[in-house]
Every structure is written in structure tokens, then in C-alpha cells.
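Shown next, in C-alpha cells, is the structure this report addresses.
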Amino acid sequence: MSGHKYDVIVVGGGPGGLSAAVHLADKGLKVKVFEKKKLLGKPVRCGEYFPVKEEMARLLPRVKCIDIIDSPENAIDSKCKSIRLVSPRGHEFEFPFEAYILDRHVFETHLGDVARSNGADIDVGVQAHYYPDDEGGWVGPTRETADYGEIIVAADGYPSETAERAGLPEREYAGPYAVATNIEYFRSGSGAGCCRIVYGSEVLAGRLWLDNSEGTW
Ligand SMILES: Cc1cc2nc3c(=O)[nH]c(=O)nc-3n(C[C@H](O)[C@H](O)[C@H](O)COP(=O)(O)OP(=O)(O)OC[C@H]3O[C@@H](n4cnc5c(N)ncnc54)[C@H](O)[C@@H]3O)c2cc1C
């Protein structure tokens with residue numbers, strides 16, 4: 001193992017890992033991010049519903065640094081003004097709730113640019129593995145080419161291989177139903193819409209959201 005030494009190595013360049021890199025690098029720490037995808041935020045494998053800052057502040061009243069979870073204007077694909085909940089029996093209830101539909105590729109590219117401008121190194125297209133040491137550990141595509149980090153951030157999503165290698169009970173959090181999607185999402189459109197969340201009766205808390213940017217329902 002002959003790689004570089006970092007204060008923090010982040011495994012996973014999704015919104016969580018990139019946000020950590022933005023703020024840790026801004027505090028002057030030497031940070032490295034490994035992301036296995038060739039492009040940050042692409043292909044998109046999840047939804048992009050993102051409450052506006054005021055809603056976030058209302059939902060999370062004890063979070064003091066709510067400003068760190070904001071999105072750049074050019075990543076906003078469309079805006080929703082309300083949520084309509086649909087029960088398993090088809091009853092509907094709508095209430096005001098402002099949110100953006102983000103373009104995750106633009107959003108995560110932006111976070112990556114800010115992290116880099118704060119001094120972080122980001123390697124894309126590299127599937128990295130964690131090799132624990134007494135303190136911190138080594139991270140890289142192979143043990144021989146790994147970099148050393150005093151702190152390792154397991155931001156590689158669920159289930160996190162990094163967390164498992166650190167001995168954390170990662171899979172114990174999974175319920176009887178674990179849903180994964182392997183399709184790519186494409187979004188387009190603009191305008192004030194409503195996000196419809198449809199609850200199923202088979203899977204507890206199973207839900208599907210659809211935004212009505214086009215105003216067709
Ligand atoms: C179907 C679906 C719909 C969702 N809809 C919404 C929504 O509308 N609004 C919302 O706010 N949230 C939504 N979420 C949740 C949201 O996607 C997650 O909360 C968010 O992506 C978590 O961010 P993260 O950075 O922690 O992990 P992830 O986004 O999972 O990022 C992990 C990153 O790590 C990378 N990675 C994994 N292993 C390695 C490795 N060994 N080496 C290098 N890189 C690695 C992956 O490629 C990935 O880029 C949805 C999730 C799903 C599955």
C-alpha cells in the first residue's frame with residue numbers, strides 16, 4: 001500500500017458523500033472521494049423530489065445548518081406546490097408543500113465542482129474497497145493501490161460495503177421488504193405541479209410518487 005495520505009476518505013460520490021466532501025474540504029481537511037460511476041449523478045437511480053429550504057427548516061427544526069442542503073437554480077427541473085396522498089383504498093388528501101424536482105446529474109455535478117474548488121480530490125469510475133487499519137484505514141480499487149485516510153466516510157449507499165467492512169451491522173436495518181430499482185430515471189417539464197404519493201396495501205410504507213408538472217391531473 002503506497003498511496004497518498006488524507007484526513008478523510010469518502011467512499012461514494014452521491015449527495016451524502018459529496019456534501020461531506022464540500023464541507024470537510026471547506027474546513028481545511030485533506031479529502032478524497034471515490035465514486036464508482038463514471039459521471040457524478042448519472043445514471044440516475046432514484047427520484048429527485050427535494051423539499052425547498054423553508055419546508056426543510058419546518059421539518060427539521062433542530063437542524064441549525066439547513067443552508068447546506070440547498071440546490072443550485074440550474075439543477076431545478078420543475079417545482080411542486082402540493083402533495084396529494086392516495087391511500088390504499090383510493091382516498092385522496094392534498095396539502096400545500098413546496099418542493100423541487102431536481103436533475104440529479106446537474107445537482108451532483110455541482111456538488112462535485114464545489115468540493116473540488118474547496119480542495120477535495122475526486123476519482124470517478126473507481127470502485128473502491130475499505131481495508132481497515134488500527135486507526136482509519138486504506139481505501140482503493142485494490143489493497144496495493146489504496147490511499148490512507150484517518151477517517152473513512154461510508155457514503156456508498158445501502159447496503160454499504162464500507163460499513164460492513166468496518167464491522168457495522170449494516171443489513172440489520174433492512175426490513176422484510178427491500179426494494180431496489182435498476183432502471184434509469186429521466187425527467188423533464190416545468191411548471192407548478194402536485195406530487196402524488198400512492199400508498200400500497202401489500203408493503204408497509206410502500207409508496208410511489210409522481211409529479212404533475214404538466215398539470216394533467
Ligand atoms: C427509487 C428511489 C426513489 C427515491 N426518491 C427520492 C426523492 O424523491 N427525494 C429524495 O430526497 N430522496 C429520494 N430517494 C432517496 C435518495 O436517493 C437517497 O436518500 C440518497 O440518494 C442518499 O444519498 P447518499 O449519497 O447517501 O447515497 P447514494 O445516492 O446511494 O450514493 C452512493 C454512491 O456511492 C457509489 N458507490 C457505491 N459503492 C461504491 C464503491 N465501492 N466505490 C465507489 N463508489 C461507490 C454509488 O455509485 C453512488 O453514487 C429515493 C431513493 C430511491 C431508491
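How things are named: the first chain in the C-alpha cells is A, the next is B, and so on; residues count from 1 in each chain; ligands count from 1 in the order shown.
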Closest pair table for chain A residues within 8 Å of ligand 1, only C-alpha atoms and all ligand atoms, as a Markdown table:
| residue | atom | partner | partner_atom_place_in_ligand_line | distance |
| --- | --- | --- | --- | --- |
| A:Val11 | CA | ligand 1 | 43 (C) | 5.2 |
| A:Gly12 | CA | ligand 1 | 34 (O) | 3.2 |
| A:Gly13 | CA | ligand 1 | 49 (O) | 4.9 |
| A:Gly14 | CA | ligand 1 | 25 (O) | 3.5 |
| A:Pro15 | CA | ligand 1 | 25 (O) | 4.0 |
| A:Gly16 | CA | ligand 1 | 25 (O) | 3.4 |
| A:Gly17 | CA | ligand 1 | 25 (O) | 5.1 |
| A:Leu18 | CA | ligand 1 | 25 (O) | 7.1 |
| A:Phe34 | CA | ligand 1 | 43 (C) | 4.8 |
| A:Glu35 | CA | ligand 1 | 44 (N) | 3.6 |
| A:Lys36 | CA | ligand 1 | 44 (N) | 3.9 |
| A:Lys37 | CA | ligand 1 | 47 (O) | 5.1 |
| A:Leu40 | CA | ligand 1 | 49 (O) | 6.9 |
| A:Gly41 | CA | ligand 1 | 49 (O) | 6.5 |
| A:Arg45 | CA | ligand 1 | 53 (C) | 6.6 |
| A:Cys46 | CA | ligand 1 | 2 (C) | 3.8 |
| A:Gly47 | CA | ligand 1 | 5 (N) | 3.4 |
| A:Glu48 | CA | ligand 1 | 8 (O) | 4.1 |
| A:Tyr49 | CA | ligand 1 | 8 (O) | 3.5 |
| A:Phe50 | CA | ligand 1 | 11 (O) | 5.1 |
| A:Pro51 | CA | ligand 1 | 11 (O) | 7.7 |
| A:Ile101 | CA | ligand 1 | 8 (O) | 7.8 |
| A:Val124 | CA | ligand 1 | 43 (C) | 7.9 |
| A:Gly125 | CA | ligand 1 | 43 (C) | 7.7 |
| A:Val126 | CA | ligand 1 | 43 (C) | 5.8 |
| A:Gln127 | CA | ligand 1 | 42 (N) | 3.7 |
| A:Ala128 | CA | ligand 1 | 42 (N) | 4.0 |
| A:His129 | CA | ligand 1 | 41 (N) | 5.5 |
| A:Pro141 | CA | ligand 1 | 42 (N) | 7.9 |
| A:Ala155 | CA | ligand 1 | 26 (O) | 5.2 |
| A:Asp156 | CA | ligand 1 | 34 (O) | 3.5 |
| A:Gly157 | CA | ligand 1 | 30 (O) | 3.6 |
| A:Tyr158 | CA | ligand 1 | 30 (O) | 6.4 |
| A:Ser160 | CA | ligand 1 | 38 (N) | 6.9 |
| A:Glu161 | CA | ligand 1 | 41 (N) | 6.7 |
| A:Thr162 | CA | ligand 1 | 41 (N) | 7.3 |
| A:Val179 | CA | ligand 1 | 53 (C) | 7.5 |
| A:Ala180 | CA | ligand 1 | 53 (C) | 6.0 |
| A:Thr181 | CA | ligand 1 | 1 (C) | 5.8 |
| A:Trp209 | CA | ligand 1 | 8 (O) | 7.5 |
### Message
Can you tell me which residues surround Ala120 in chain A at a distance of at most 12 Å, considering only C-alpha atoms, apart from same-chain residues fewer than 4 positions away, and format the answer as a ChimeraX atom specification?
### Response
/A:6-10,13,17-34,111-116
From a backbone DSSP assignment, name each residue in range 44-88 of chain A labelled alpha helix (DSSP H), as a short mmCIF file (atom, residue, chain, number, x, y, z; two decimals) with C-alpha atoms, in the first residue's frame.
data_model
loop_
_atom_site.label_atom_id
_atom_site.label_comp_id
_atom_site.auth_asym_id
_atom_site.auth_seq_id
_atom_site.Cartn_x
_atom_site.Cartn_y
_atom_site.Cartn_z
CA LYS A 53 -35.32 25.14 2.25
CA GLU A 54 -38.32 26.58 4.17
CA GLU A 55 -40.03 23.16 4.25
CA MET A 56 -36.76 21.51 5.32
CA ALA A 57 -36.43 24.02 8.18
CA ARG A 58 -40.01 23.29 9.25
CA LEU A 59 -39.50 19.52 9.07
#
### Message
Residues near Tyr130 in chain A, anyone? I mean within 7 Å using only C-alpha atoms, not counting same-chain ones fewer than 3 positions away, as a PyMOL selection string.
### Response
chain A and resi 137-140+162+165
### Task
Calculate how many Å separate CA of Phe95 in chain A from CA of Cys195 in chain A, rounding to one decimal.
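Interatomic distance, CA of Phe95 in chain A to CA of Cys195 in chain A: 10.2 Å.
With only C-alpha atoms as the atoms that count, the residue of A:Ser87, A:Val44, A:Ile69, A:Lys64 with the shortest distance to Arg196 in chain A is A:Ser87.
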### Task
Please run DSSP on the backbone and report, as a ChimeraX atom specification, all residues within chain A that come out as strand (DSSP E).
/A:5-11,31-35,49-51,76-86,92-102,121-124,129-132,137-140,147-154,192-199,207-211
### Residue nearest Ser201 in chain A - candidates A:Phe107, A:Arg89, A:Ile68, A:Ile152, atoms counted: only C-alpha atoms
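Among the listed residues, the smallest separation from Ser201 in chain A belongs to A:Arg89.
Restricting the calculation to only C-alpha atoms, the smallest distance between Ile197 in chain A and any of A:Arg171, A:Arg143, A:Arg84, A:His110 is found for A:Arg84.
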### Task
Point out the residue among A:Asp123, A:Cys65, A:Phe97, A:Cys80 with the least atom-to-atom distance to Lys38 in chain A, counting only C-alpha atoms.
A:Asp123
### Task
Grab the CA of Asp121 in chain A to CA of His4 in chain A distance for me, in Å with one decimal place.
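CA of His4 in chain A lies 11.0 Å from CA of Asp121 in chain A.
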### Task
Would you please work out which residue, of A:Thr109, A:Leu60, A:Gly200, A:Asn118, is nearest to Val86 in chain A when using only C-alpha atoms?
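Under the stated criterion, the closest residue is A:Gly200.
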### Task
Extract, using only C-alpha atoms, all DNA, RNA and protein residues at most 6 Å from Gly136 in chain A, discarding same-chain residues fewer than 5 positions from it, and format them as a list in words.
Gly149, Glu150 and Ile151 of chain A
Output file for the selection above: C-alpha atoms, as a CSV table (one decimal), in the first residue's frame:
chain,number,residue,atom,x,y,z
A,149,GLY,CA,-7.4,8.0,5.4
A,150,GLU,CA,-7.5,8.9,9.1
A,151,ILE,CA,-11.3,9.0,8.9
